[in-house]
Structures are given as structure tokens and as C-alpha cells.
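**Student:** Pasting protein_37.cif below, which is mmCIF, C-alpha atoms (C1' of nucleotides).
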```
data_work
#
loop_
_atom_site.label_atom_id
_atom_site.label_comp_id
_atom_site.auth_asym_id
_atom_site.auth_seq_id
_atom_site.Cartn_x
_atom_site.Cartn_y
_atom_site.Cartn_z
CA MET F 1 0.00 0.00 0.00
CA HIS F 2 1.19 3.55 -0.75
CA MET F 3 -0.90 5.97 1.19
CA GLY F 4 -0.60 9.44 2.49
CA ALA F 5 2.24 11.08 0.61
CA GLU F 6 0.42 11.11 -2.68
CA CYS F 7 -2.61 13.10 -1.60
CA HIS F 8 -4.31 15.47 0.79
CA HIS F 9 -6.47 13.19 2.65
CA GLU F 10 -8.93 14.35 5.22
CA ASP F 11 -8.96 12.04 8.17
CA GLY F 12 -12.26 10.80 9.44
CA ALA F 13 -13.98 10.84 6.10
CA HIS F 14 -14.88 7.18 6.49
CA PRO F 15 -15.64 6.62 10.15
CA GLY F 16 -16.30 3.27 11.74
CA LEU F 17 -19.13 2.54 14.10
CA SER F 18 -19.22 3.29 17.80
CA GLY F 19 -21.66 3.53 20.68
CA ALA F 20 -25.26 2.77 19.84
CA ASP F 21 -24.64 2.16 16.15
CA LEU F 22 -22.06 -0.45 17.00
CA ALA F 23 -24.38 -2.12 19.48
CA VAL F 24 -27.15 -2.22 16.91
CA ALA F 25 -24.91 -3.79 14.30
CA LEU F 26 -23.69 -6.42 16.74
CA GLY F 27 -27.24 -7.10 17.85
CA HIS F 28 -28.27 -7.55 14.27
CA ALA F 29 -25.53 -10.14 13.82
CA GLU F 30 -26.68 -11.92 16.98
CA THR F 31 -30.18 -12.09 15.57
CA ARG F 32 -29.12 -13.49 12.26
CA CYS F 33 -27.03 -16.12 14.03
CA ALA F 34 -29.92 -17.13 16.22
CA GLN F 35 -32.11 -17.59 13.17
CA THR F 36 -29.66 -19.98 11.53
CA GLN F 37 -28.47 -21.83 14.66
CA GLU F 38 -25.02 -20.41 14.35
CA ARG F 39 -23.17 -19.19 17.41
CA LEU F 40 -21.68 -15.73 17.64
CA THR F 41 -19.14 -16.75 20.25
CA THR F 42 -16.85 -14.41 22.14
CA PRO F 43 -13.89 -14.37 19.76
CA ARG F 44 -16.16 -14.14 16.73
CA ARG F 45 -18.08 -11.27 18.23
CA ARG F 46 -14.87 -9.52 19.22
CA VAL F 47 -13.42 -9.71 15.71
CA LEU F 48 -16.66 -8.44 14.20
CA GLU F 49 -16.67 -5.59 16.70
CA LEU F 50 -13.12 -4.60 15.74
CA LEU F 51 -14.02 -4.65 12.05
CA LEU F 52 -17.13 -2.53 12.63
CA GLU F 53 -15.20 0.03 14.66
CA ALA F 54 -12.50 0.47 12.05
CA ASP F 55 -12.31 3.32 9.55
CA ALA F 56 -10.72 1.12 6.90
CA PRO F 57 -9.97 -2.50 6.07
CA LEU F 58 -8.03 -4.26 8.81
CA LYS F 59 -5.22 -6.75 8.30
CA ALA F 60 -5.43 -10.03 10.13
CA TYR F 61 -2.48 -9.09 12.29
CA ASP F 62 -4.09 -5.74 13.13
CA LEU F 63 -6.98 -7.76 14.52
CA ILE F 64 -4.59 -10.07 16.32
CA ALA F 65 -2.87 -7.10 17.96
CA ALA F 66 -6.10 -5.34 18.90
CA PHE F 67 -7.97 -8.43 20.04
CA GLY F 68 -7.37 -8.38 23.77
CA THR F 69 -9.11 -5.72 25.80
CA HIS F 70 -5.99 -5.04 27.86
CA GLY F 71 -3.42 -5.11 25.10
CA GLU F 72 -2.72 -8.83 24.97
CA PRO F 73 -2.75 -10.06 21.38
CA ALA F 74 -4.71 -13.06 20.19
CA LYS F 75 -3.08 -16.12 18.68
CA PRO F 76 -3.36 -16.12 14.86
CA PRO F 77 -5.70 -19.12 14.57
CA THR F 78 -8.19 -17.45 16.88
CA VAL F 79 -8.59 -14.52 14.52
CA TYR F 80 -8.39 -16.50 11.29
CA ARG F 81 -11.09 -18.85 12.52
CA ALA F 82 -13.31 -15.96 13.49
CA LEU F 83 -12.77 -14.38 10.08
CA GLU F 84 -13.63 -17.63 8.36
CA PHE F 85 -16.88 -17.77 10.31
CA LEU F 86 -17.74 -14.14 9.63
CA GLU F 87 -17.08 -14.57 5.92
CA ARG F 88 -19.14 -17.73 5.79
CA LEU F 89 -22.13 -15.94 7.28
CA GLY F 90 -21.60 -12.86 5.17
CA PHE F 91 -20.74 -10.59 8.12
CA ALA F 92 -17.32 -9.79 6.72
CA HIS F 93 -15.46 -9.85 3.44
CA ARG F 94 -11.84 -10.36 2.56
CA ILE F 95 -10.32 -7.86 0.15
CA GLU F 96 -7.84 -9.90 -1.86
CA SER F 97 -5.81 -7.03 -3.23
CA LEU F 98 -5.16 -5.72 0.29
CA ASN F 99 -4.95 -8.93 2.31
CA ALA F 100 -7.43 -7.21 4.57
CA TYR F 101 -10.92 -7.58 5.95
CA VAL F 102 -14.02 -5.38 6.21
CA PRO F 103 -17.38 -5.80 7.85
CA CYS F 104 -20.22 -6.27 5.40
CA ARG F 105 -22.09 -3.03 4.84
CA ILE F 106 -24.89 -4.48 2.76
CA ASP F 107 -27.86 -5.97 4.50
CA ALA F 108 -28.57 -8.91 2.24
CA ALA F 109 -27.29 -12.39 2.87
CA GLY F 110 -25.63 -14.12 -0.03
CA HIS F 111 -25.15 -11.02 -2.12
CA ARG F 112 -22.11 -10.59 -4.34
CA ALA F 113 -19.55 -8.25 -2.87
CA ALA F 114 -17.52 -5.65 -4.73
CA PHE F 115 -15.35 -2.80 -3.54
CA LEU F 116 -14.15 0.64 -4.44
CA ILE F 117 -10.81 1.02 -2.69
CA CYS F 118 -9.09 4.35 -2.17
CA ASP F 119 -5.32 4.13 -2.71
CA CYS F 120 -4.86 7.31 -0.73
CA CYS F 121 -6.82 6.99 2.51
CA GLY F 122 -7.24 3.23 2.34
CA ALA F 123 -11.00 3.26 2.75
CA ALA F 124 -13.01 0.56 1.02
CA GLU F 125 -16.60 1.17 -0.01
CA GLU F 126 -18.76 -1.83 -0.67
CA PHE F 127 -21.25 -1.83 -3.49
CA GLU F 128 -23.51 -4.29 -5.24
CA PRO F 129 -22.08 -5.07 -8.63
CA ASP F 130 -23.99 -5.75 -11.80
CA PHE F 131 -22.42 -8.77 -13.44
CA GLU F 132 -24.98 -9.47 -16.13
CA GLY F 133 -22.54 -8.96 -18.99
CA GLN F 134 -19.71 -10.93 -17.43
CA LEU F 135 -21.84 -13.82 -16.35
CA ALA F 136 -23.42 -14.05 -19.77
CA ALA F 137 -19.97 -14.14 -21.35
CA ALA F 138 -18.86 -16.82 -18.91
CA ALA F 139 -21.91 -18.93 -19.60
CA ALA F 140 -21.28 -18.54 -23.32
CA SER F 141 -17.81 -19.97 -22.93
CA GLY F 142 -19.20 -22.87 -20.90
CA TYR F 143 -18.06 -21.75 -17.49
CA GLN F 144 -20.14 -22.39 -14.39
CA VAL F 145 -19.44 -19.45 -12.10
CA ARG F 146 -19.80 -19.82 -8.33
CA ALA F 147 -18.24 -16.67 -6.89
CA VAL F 148 -16.94 -13.39 -8.19
CA THR F 149 -14.40 -10.97 -6.77
CA LEU F 150 -14.46 -7.39 -8.02
CA GLU F 151 -12.10 -4.78 -6.59
CA ALA F 152 -11.68 -1.36 -8.14
CA ARG F 153 -8.72 0.76 -7.02
CA GLY F 154 -8.61 4.51 -7.30
CA LEU F 155 -9.29 7.69 -5.35
CA CYS F 156 -12.34 8.33 -3.24
CA PRO F 157 -14.10 11.70 -3.49
CA ALA F 158 -12.40 13.01 -0.34
CA CYS F 159 -8.93 12.24 -1.69
CA GLN F 160 -9.08 13.72 -5.18
CA PRO F 161 -6.79 16.63 -6.13
CA GLY F 162 -9.37 18.69 -8.03
CA MET L 1 -7.23 -24.25 -3.22
CA HIS L 2 -9.29 -27.44 -3.27
CA MET L 3 -8.67 -29.27 -6.49
CA GLY L 4 -8.89 -32.77 -7.78
CA ALA L 5 -11.07 -34.69 -5.40
CA GLU L 6 -14.21 -32.81 -6.24
CA CYS L 7 -14.34 -33.58 -9.94
CA HIS L 8 -13.30 -35.65 -12.93
CA HIS L 9 -10.85 -33.47 -14.53
CA GLU L 10 -9.24 -34.28 -17.81
CA ASP L 11 -5.58 -33.41 -17.77
CA GLY L 12 -4.17 -31.42 -20.60
CA ALA L 13 -7.36 -29.51 -21.31
CA HIS L 14 -5.51 -26.22 -20.91
CA PRO L 15 -2.03 -26.74 -22.32
CA GLY L 16 0.78 -24.23 -22.12
CA LEU L 17 3.00 -23.24 -24.99
CA SER L 18 6.01 -25.13 -26.28
CA GLY L 19 8.29 -25.31 -29.28
CA ALA L 20 7.58 -22.84 -32.02
CA ASP L 21 4.57 -21.29 -30.32
CA LEU L 22 6.66 -20.54 -27.28
CA ALA L 23 9.42 -19.03 -29.39
CA VAL L 24 6.93 -16.84 -31.20
CA ALA L 25 5.42 -15.58 -27.95
CA LEU L 26 8.83 -14.78 -26.53
CA GLY L 27 9.85 -13.09 -29.76
CA HIS L 28 6.73 -11.00 -29.60
CA ALA L 29 7.65 -9.88 -26.11
CA GLU L 30 11.17 -9.02 -27.31
CA THR L 31 9.70 -6.88 -30.04
CA ARG L 32 7.40 -4.99 -27.74
CA CYS L 33 10.27 -4.35 -25.36
CA ALA L 34 12.47 -3.05 -28.15
CA GLN L 35 9.73 -0.63 -29.17
CA THR L 36 9.49 0.87 -25.71
CA GLN L 37 13.18 0.76 -24.75
CA GLU L 38 12.56 -1.78 -22.08
CA ARG L 39 14.95 -4.67 -21.62
CA LEU L 40 13.78 -8.27 -21.61
CA THR L 41 16.77 -9.46 -19.61
CA THR L 42 17.67 -13.07 -18.88
CA PRO L 43 15.75 -13.53 -15.62
CA ARG L 44 12.73 -11.64 -16.97
CA ARG L 45 12.71 -13.72 -20.11
CA ARG L 46 13.11 -16.91 -18.11
CA VAL L 47 10.16 -16.13 -15.86
CA LEU L 48 8.00 -15.25 -18.85
CA GLU L 49 9.03 -18.50 -20.49
CA LEU L 50 8.02 -20.51 -17.42
CA LEU L 51 4.65 -18.77 -17.29
CA LEU L 52 4.00 -19.38 -20.99
CA GLU L 53 4.91 -23.07 -20.70
CA ALA L 54 2.57 -23.66 -17.76
CA ASP L 55 -0.88 -25.24 -17.97
CA ALA L 56 -2.19 -23.16 -15.09
CA PRO L 57 -1.32 -20.17 -12.91
CA LEU L 58 2.06 -20.54 -11.22
CA LYS L 59 2.89 -19.51 -7.68
CA ALA L 60 5.94 -17.34 -7.14
CA TYR L 61 7.71 -20.17 -5.38
CA ASP L 62 6.91 -22.54 -8.24
CA LEU L 63 8.78 -20.11 -10.45
CA ILE L 64 11.58 -19.88 -7.92
CA ALA L 65 11.93 -23.65 -7.86
CA ALA L 66 11.77 -24.06 -11.64
CA PHE L 67 13.94 -21.09 -12.49
CA GLY L 68 17.34 -22.73 -12.89
CA THR L 69 17.86 -24.91 -15.97
CA HIS L 70 19.66 -27.55 -13.91
CA GLY L 71 17.45 -27.60 -10.88
CA GLU L 72 18.98 -24.77 -8.87
CA PRO L 73 16.27 -22.47 -7.55
CA ALA L 74 16.34 -18.70 -7.93
CA LYS L 75 16.41 -16.33 -5.01
CA PRO L 76 12.96 -14.85 -4.28
CA PRO L 77 13.78 -11.25 -5.24
CA THR L 78 14.94 -12.39 -8.67
CA VAL L 79 11.56 -13.80 -9.48
CA TYR L 80 9.50 -11.11 -7.76
CA ARG L 81 11.38 -8.41 -9.67
CA ALA L 82 10.84 -10.19 -12.94
CA LEU L 83 7.14 -10.54 -12.17
CA GLU L 84 6.92 -6.86 -11.33
CA PHE L 85 8.46 -6.03 -14.70
CA LEU L 86 6.24 -8.42 -16.61
CA GLU L 87 3.14 -7.03 -14.93
CA ARG L 88 4.22 -3.46 -15.61
CA LEU L 89 4.54 -4.21 -19.32
CA GLY L 90 1.37 -6.24 -19.42
CA PHE L 91 3.11 -9.54 -20.20
CA ALA L 92 1.79 -11.18 -17.07
CA HIS L 93 -0.99 -10.77 -14.53
CA ARG L 94 -1.26 -11.60 -10.88
CA ILE L 95 -4.38 -13.46 -9.79
CA GLU L 96 -5.11 -12.15 -6.32
CA SER L 97 -7.40 -14.90 -5.18
CA LEU L 98 -4.76 -17.54 -5.96
CA ASN L 99 -1.54 -15.67 -5.13
CA ALA L 100 -0.44 -16.83 -8.56
CA TYR L 101 0.66 -15.50 -11.90
CA VAL L 102 -0.29 -16.08 -15.53
CA PRO L 103 1.08 -14.86 -18.84
CA CYS L 104 -1.14 -12.38 -20.59
CA ARG L 105 -3.18 -14.06 -23.30
CA ILE L 106 -4.66 -10.91 -24.78
CA ASP L 107 -2.68 -9.02 -27.33
CA ALA L 108 -3.52 -5.47 -26.34
CA ALA L 109 -1.36 -3.35 -24.12
CA GLY L 110 -3.08 -1.60 -21.26
CA HIS L 111 -6.26 -3.64 -21.40
CA ARG L 112 -8.19 -4.51 -18.27
CA ALA L 113 -7.66 -8.09 -17.18
CA ALA L 114 -10.29 -10.44 -15.83
CA PHE L 115 -10.27 -14.18 -15.20
CA LEU L 116 -12.47 -17.23 -15.13
CA ILE L 117 -10.77 -19.61 -12.71
CA CYS L 118 -11.59 -23.30 -12.47
CA ASP L 119 -11.67 -24.56 -8.87
CA CYS L 120 -11.21 -28.11 -10.12
CA CYS L 121 -8.32 -28.14 -12.56
CA GLY L 122 -6.89 -24.77 -11.55
CA ALA L 123 -6.86 -23.32 -15.05
CA ALA L 124 -7.44 -19.60 -15.46
CA GLU L 125 -8.90 -18.20 -18.62
CA GLU L 126 -8.40 -14.54 -19.32
CA PHE L 127 -11.14 -12.46 -20.85
CA GLU L 128 -11.82 -8.82 -21.56
CA PRO L 129 -14.40 -7.58 -19.13
CA ASP L 130 -17.09 -5.05 -19.77
CA PHE L 131 -17.13 -2.64 -16.88
CA GLU L 132 -19.40 0.03 -18.25
CA GLY L 133 -22.01 -0.40 -15.55
CA GLN L 134 -19.57 -0.58 -12.67
CA LEU L 135 -17.48 2.34 -13.81
CA ALA L 136 -20.54 4.46 -14.32
CA ALA L 137 -21.72 3.63 -10.82
CA ALA L 138 -18.28 4.44 -9.42
CA ALA L 139 -18.18 7.75 -11.24
CA ALA L 140 -21.65 8.54 -9.94
CA SER L 141 -20.45 8.07 -6.37
CA GLY L 142 -17.46 10.31 -7.05
CA TYR L 143 -14.80 7.66 -7.29
CA GLN L 144 -11.91 7.97 -9.71
CA VAL L 145 -11.07 4.40 -10.68
CA ARG L 146 -7.55 3.51 -11.83
CA ALA L 147 -7.51 -0.27 -11.94
CA VAL L 148 -10.00 -3.08 -11.62
CA THR L 149 -9.55 -6.69 -10.58
CA LEU L 150 -12.24 -9.18 -11.60
CA GLU L 151 -11.88 -12.85 -10.78
CA ALA L 152 -14.71 -15.33 -11.23
CA ARG L 153 -14.37 -18.76 -9.63
CA GLY L 154 -16.23 -21.82 -10.79
CA LEU L 155 -15.90 -24.83 -13.05
CA CYS L 156 -14.51 -24.81 -16.56
CA PRO L 157 -16.36 -26.75 -19.27
CA ALA L 158 -13.93 -29.69 -19.03
CA CYS L 159 -14.53 -30.09 -15.28
CA GLN L 160 -18.32 -30.00 -15.07
CA PRO L 161 -20.22 -33.07 -13.84
CA GLY L 162 -23.04 -33.01 -16.36
"C1'" DT O 1 -25.11 -38.83 31.75
"C1'" DC O 2 -22.53 -39.96 28.07
"C1'" DC O 3 -21.62 -38.97 23.42
"C1'" DC O 4 -20.61 -36.44 19.58
"C1'" DA O 5 -20.13 -32.33 17.16
"C1'" DT O 6 -18.45 -27.92 17.25
"C1'" DG O 7 -15.43 -24.40 18.99
"C1'" DT O 8 -11.23 -22.84 21.38
"C1'" DG O 9 -6.24 -22.75 23.14
"C1'" DT O 10 -1.53 -23.47 21.99
"C1'" DT O 11 2.68 -24.62 19.63
"C1'" DA O 12 4.96 -24.76 15.64
"C1'" DT O 13 5.69 -24.12 10.93
"C1'" DG O 14 4.58 -23.26 6.10
"C1'" DA O 15 3.82 -19.90 2.30
"C1'" DG O 16 4.23 -15.37 0.24
"C1'" DA O 17 6.79 -11.11 -0.22
"C1'" DT O 18 10.16 -7.37 0.52
"C1'" DA O 19 14.04 -4.39 2.80
"C1'" DA O 20 18.66 -3.29 2.43
"C1'" DC O 21 22.96 -3.17 0.51
"C1'" DA O 22 26.67 -4.68 -2.61
"C1'" DT O 23 27.93 -5.58 -7.42
"C1'" DA O 24 27.43 -5.64 -12.31
"C1'" DA O 25 25.81 -4.07 -16.95
"C1'" DC O 26 24.04 -0.97 -20.02
"C1'" DT O 27 23.74 4.17 -21.74
"C1'" DG O 28 24.92 8.66 -23.09
"C1'" DG O 29 28.28 12.65 -22.90
"C1'" DG O 30 32.82 14.18 -22.98
"C1'" DC D 1 37.52 5.26 -25.00
"C1'" DC D 2 36.26 6.22 -20.37
"C1'" DC D 3 33.67 7.97 -16.98
"C1'" DA D 4 29.34 8.99 -14.55
"C1'" DG D 5 24.60 8.02 -13.92
"C1'" DT D 6 21.08 4.89 -14.17
"C1'" DT D 7 19.07 0.51 -14.29
"C1'" DA D 8 19.28 -4.37 -13.21
"C1'" DT D 9 21.02 -8.23 -10.61
"C1'" DG D 10 22.97 -10.99 -6.60
"C1'" DT D 11 22.65 -11.99 -1.81
"C1'" DT D 12 21.35 -12.07 2.99
"C1'" DA D 13 18.06 -11.53 6.13
"C1'" DT D 14 13.65 -10.71 7.65
"C1'" DC D 15 8.89 -9.52 7.53
"C1'" DT D 16 3.98 -10.45 6.75
"C1'" DC D 17 0.27 -13.63 6.01
"C1'" DA D 18 -1.85 -18.06 6.98
"C1'" DT D 19 -2.57 -22.88 8.48
"C1'" DA D 20 -1.46 -27.78 10.35
"C1'" DA D 21 -1.85 -30.50 14.24
"C1'" DC D 22 -3.35 -31.82 18.53
"C1'" DA D 23 -5.18 -31.15 23.23
"C1'" DC D 24 -9.00 -29.31 25.81
"C1'" DA D 25 -13.64 -27.29 26.55
"C1'" DT D 26 -18.49 -26.63 25.84
"C1'" DG D 27 -23.07 -27.45 24.65
"C1'" DG D 28 -27.14 -29.94 22.96
"C1'" DG D 29 -29.36 -34.27 21.90
"C1'" DA D 30 -30.03 -39.72 22.50
#
```
What do you get writing this file as C-alpha cells?
**Tutor:**
Amino acid sequence: MHMGAECHHEDGAHPGLSGADLAVALGHAETRCAQTQERLTTPRRRVLELLLEADAPLKAYDLIAAFGTHGEPAKPPTVYRALEFLERLGFAHRIESLNAYVPCRIDAAGHRAAFLICDCCGAAEEFEPDFEGQLAAAAASGYQVRAVTLEARGLCPACQPG
Amino acid sequence: MHMGAECHHEDGAHPGLSGADLAVALGHAETRCAQTQERLTTPRRRVLELLLEADAPLKAYDLIAAFGTHGEPAKPPTVYRALEFLERLGFAHRIESLNAYVPCRIDAAGHRAAFLICDCCGAAEEFEPDFEGQLAAAAASGYQVRAVTLEARGLCPACQPG
DNA sequence: TCCCATGTGTTATGAGATAACATAACTGGG
DNA sequence: CCCAGTTATGTTATCTCATAACACATGGGA
């Protein structure tokens, strides 16, 4: 990543959740787990909380470092397992081009995820992609598509020179 | 990656280049380098050759292991630098979701790359994506997009059950 | 209550990538 | 031709990212 030097970049343009908003989001996750007999256990909930609080995608080892409430780090498998769970339930997404993770911002289970990623401030905005054309092309060439990753890199509105 | 067990998968369905075809592809790269005053040096050429010969995306450490003509591996920076060069000139692409690299199969400099990746046999087919919709949406939300990664995972025609 | 499935704790290690610095090889100007 | 500047390579070490393996805990049903 090459951030900062290349642009004027207002901090706080992409804030994470806190206080009541955070509690609501976590509660929502609890509810969805209850409905599907999945368990939002302590480490899973903690990792989701950290992702929701963050202003930008977090690396796995950021989560590991921030995991303990009194500064003690987690062990890597703890966090990777939680991330695996959160991805499986659609509560979080991995951004391949960053090796980083974000909480899901779209309230629809099973949707296809896509991201606009700012190379300046590092923020990642999730959006719902329209893959009609691509999927048609894939089908035409005989491919059976199961999952799609779309990541667009550039500059967010807050980081543009003009 | 989870390959093999999950499907009948005919080997050799996605062959790499060899013989005259390989020589032509390498010659083509030489030509394009000459036109732009770039140098296709020995390690760069060797890495491109290995990518062109392969049936599927190669990991960096596959390249490192295969680099020497008599079995001696390369040092990691040798291969990573060559890959950086090949990507910069559009001779190769990195597939983020595999941590692997492929030679470019589309003869157009500066095009946008996209891949159909088979989870069974591991082959990756490059295609030219149509991003009109996405880019319009990004522009509408104020984003200035510089690069796009699109990777679709699924089953290639040769690996489908039916 | 015992069993089994699922989740967690812990240690160790595997896989992927780059920093830093020394040396060599091309390039253009004198 | 030779030198200086730039670009590329060689080499060592290390850093980041991720998972294997196995022991222990927990929780819900037969």
C-alpha cells in the first residue's frame, strides 16, 4: 500500500461505528445467528466488533494485535477462525488485493460483494455489482461461475486533487 | 485451493505453450520491449518462459523452484522483480485470489484483465471484461477508478459433472 | 449422563513477499 | 575510450500472512 504522501487526505472521512450504532450492528448479527443456529461466540463477536469500529480494512495481524481488551494479542488461529466464520455468514469480506478484511455493509445475505478502494486513505466502499454482462460471457464460454471478486482501485471523493 | 477430489478433470485440457509457439510468444515480447526501450533481460525472459509453458497459474515459489535450468532455484527477489516487470509491461498478470501469476493471453497493451478460474483443474482463462455499468456507478459516487480486478471462480467446461 | 459435534487454546511451521545493501551491466556525454 | 549516472542483478536476512496438528472445553441431543 502507498498511502498518504500522494494526496491530501482528510482524516475521518470514512468513520467506523461506535456507541449505539455499534451495538445495533452487533445485535443484528446476533439475531441473524440465532435464526440460523449459528453461534456468535466471544472471539467471533470480538473480531466483528473490531471490524465494525475500524475506519478502513483491517489486516489479520491488526486484529490479532487489537484483540485483547488489555493489550494482549490473540493467537493467529483465533482470529483467522473468526474471520472464516464471519465470511461464511456474510458478516465480513476479505479484500484480496489488500490482504485485509471489512465488515459487510450491505444488509442482504448471499449477495455478491464488490469494492471501491481508495489508494490514498485506504477506505473501502462496498457496493452491489452488476455482473450481467460478465456472467453471460462466462456462460457462453461454458463456465459455471460460483463466486466473483471485483475490486476497483482509485481515489475516493475526499482524496481527489481537483 | 481445493482441487482434484471434487471432480473428474481431464488433464491437458488447458495446455501451455512449447516449441515454435513458445518461441513466437517470446519473440513478440522481445519486439514490444524493443519498441518501448525496455529490456527483456535473462531472468525476466526466463520467468515469462516458465509462465508461458505452464498449464495453469504458477505460484511465485513454483517459479523460484523451476527457475534454474539444472534444478537450482532462484532467489525470491529475482523472481518477484521479474514478475513486477512483466506485470508493468502487461506480459503477465497476478491473480489475487490464488496468489499466482499467468502470462497475458490478450494481445492489447493496457487492457483490463479479468479471469475465469476453475476450482477443479486450476486453469485460469483470461477475458476482456465489460465494466461500463460498474465504472458508471463508481463515477456517480465520485470515485476515480484507476484499476479493476475481476476474478470469477467456478468450473470450466472440461470439469463439469453433467 | 454420556456422546458427539463444534469451537477454542496453543505450539509450531509453512507460504508469500520485501528491505537493504553490494555488485554488475548498459547508456549517453565528454 | 572512459567515466558517470542509471538501471538491473545478486545476496542475505527478515517480515507479513496463513494454516497444520493436537489437546482441551463446551453445549445440545439420544
**Student:** Sorted by chain and rising residue number, which residues of chain O lie within 9 Å of stretch 22-25 of chain D, and what are their closest atom pairs and distances in Å to one decimal, counting all atoms listed in the file, as CSV?
**Tutor:**
```
residue,atom,partner,partner_atom,distance
O:DG7,C1',D:DA25,C1',8.3
O:DT8,C1',D:DA25,C1',7.2
O:DG9,C1',D:DC24,C1',7.6
O:DT10,C1',D:DA23,C1',8.6
```
**Student:** For F:His28, which residue out of F:Gly71, F:Leu135, F:Ala113, F:Asp107 is the nearest one, using all atoms listed in the file?
**Tutor:**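 Between F:Gly71, F:Leu135, F:Ala113, F:Asp107, the residue approaching F:His28 most closely is F:Asp107.
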**Student:** List every residue of chain L that has an atom at most 10 Å from any atom of chain O, and for each one report the closest atom pair and its distance in Å to one decimal, counting all atoms listed in the file, with rows sorted by chain and then by increasing residue number, as a Markdown table.
**Tutor:**
```
| residue | atom | partner | partner_atom | distance |
| --- | --- | --- | --- | --- |
| L:Arg39 | CA | O:DC26 | C1' | 9.9 |
| L:Lys59 | CA | O:DG16 | C1' | 9.0 |
| L:Ala60 | CA | O:DG16 | C1' | 7.8 |
| L:Tyr61 | CA | O:DG16 | C1' | 8.2 |
| L:Pro76 | CA | O:DA17 | C1' | 8.3 |
| L:Pro77 | CA | O:DT18 | C1' | 7.8 |
| L:Tyr80 | CA | O:DA17 | C1' | 8.0 |
| L:Asn99 | CA | O:DG16 | C1' | 7.9 |
```
**Student:** Which value, in Å to one decimal, gives the distance between atom CA of F:Val148 and atom CA of F:Phe131?
**Tutor:**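 According to the coordinates, atom CA of F:Val148 and atom CA of F:Phe131 are separated by 8.9 Å.
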**Student:** Give me the box for stretch 30-33 of chain L as JSON, namely the centre and edge lengths in Å to one decimal of a box along x, y and z that holds every listed atom plus 3 Å on each side.
**Tutor:**
```
{"center_x": 9.3, "center_y": -6.7, "center_z": -27.7, "size_x": 9.8, "size_y": 10.7, "size_z": 10.7}
```
**Student:** Can you give me, as a PyMOL selection string, the residues this file yields under the PyMOL selection byres ((chain L and resi 8-22) around 6)?
**Tutor:** chain L and resi 7+23-25+52-55+159
**Student:** Please produce an output containing C-alpha atoms for each residue in the selection, written as a PDB file, in the frame of the given file.
**Tutor:**
```
ATOM      1  CA  CYS L   7     -14.340 -33.580  -9.940  1.00  0.00           C
ATOM      2  CA  ALA L  23       9.420 -19.030 -29.390  1.00  0.00           C
ATOM      3  CA  VAL L  24       6.930 -16.840 -31.200  1.00  0.00           C
ATOM      4  CA  ALA L  25       5.420 -15.580 -27.950  1.00  0.00           C
ATOM      5  CA  LEU L  52       4.000 -19.380 -20.990  1.00  0.00           C
ATOM      6  CA  GLU L  53       4.910 -23.070 -20.700  1.00  0.00           C
ATOM      7  CA  ALA L  54       2.570 -23.660 -17.760  1.00  0.00           C
ATOM      8  CA  ASP L  55      -0.880 -25.240 -17.970  1.00  0.00           C
ATOM      9  CA  CYS L 159     -14.530 -30.090 -15.280  1.00  0.00           C
TER      10      CYS L 159
END
```
**Student:** Excluding F:Pro157 and residues on its chain fewer than 5 positions from it, collect all residues at most 10 Å away from it, counting all atoms listed in the file, and give them as a PyMOL selection string.
**Tutor:** (chain F and resi 9+13+118+162) or (chain L and resi 139+141-144)
**Student:** Kindly resolve the PyMOL selection byres ((chain D) within 9 of (chain F)) on the present coordinates and return the residues as a list in words.
**Tutor:**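 Those residues are DT16, DC17, DA18 and DT19 of chain D.
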**Student:** Kindly determine which residues of chain L lie within 8 Å of chain F, considering only C-alpha atoms, and give the answer as a PyMOL selection string.
**Tutor:** chain L and resi 96-97+116+129-130+133-134+138+141-157+160
**Student:** Tell me, in Å to one decimal, how far atom C1' of D:DT26 is from atom CA of F:Arg32.
**Tutor:**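 Rounded to one decimal, the two atoms are 21.7 Å apart.
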**Student:** For the atom pair atom CA of F:Leu50 and atom CA of F:Leu63, what is the interatomic distance in Å to one decimal place?
**Tutor:**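 Interatomic distance here is 7.0 Å.
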**Student:** Check the smallest atom-to-atom distance from each of F:Leu58, F:Ala34, F:Val47, F:Ile106 to F:Phe85 using all atoms listed in the file, then report the winner.
**Tutor:**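 Ranked by minimum distance to F:Phe85, first place goes to F:Val47.
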**Student:** Identify all residues satisfying the PyMOL selection byres ((chain F and resi 93) around 10) in the given file; provide them as a PyMOL selection string.
**Tutor:** chain F and resi 57+83-84+86-92+94-96+100-105+113-115+126
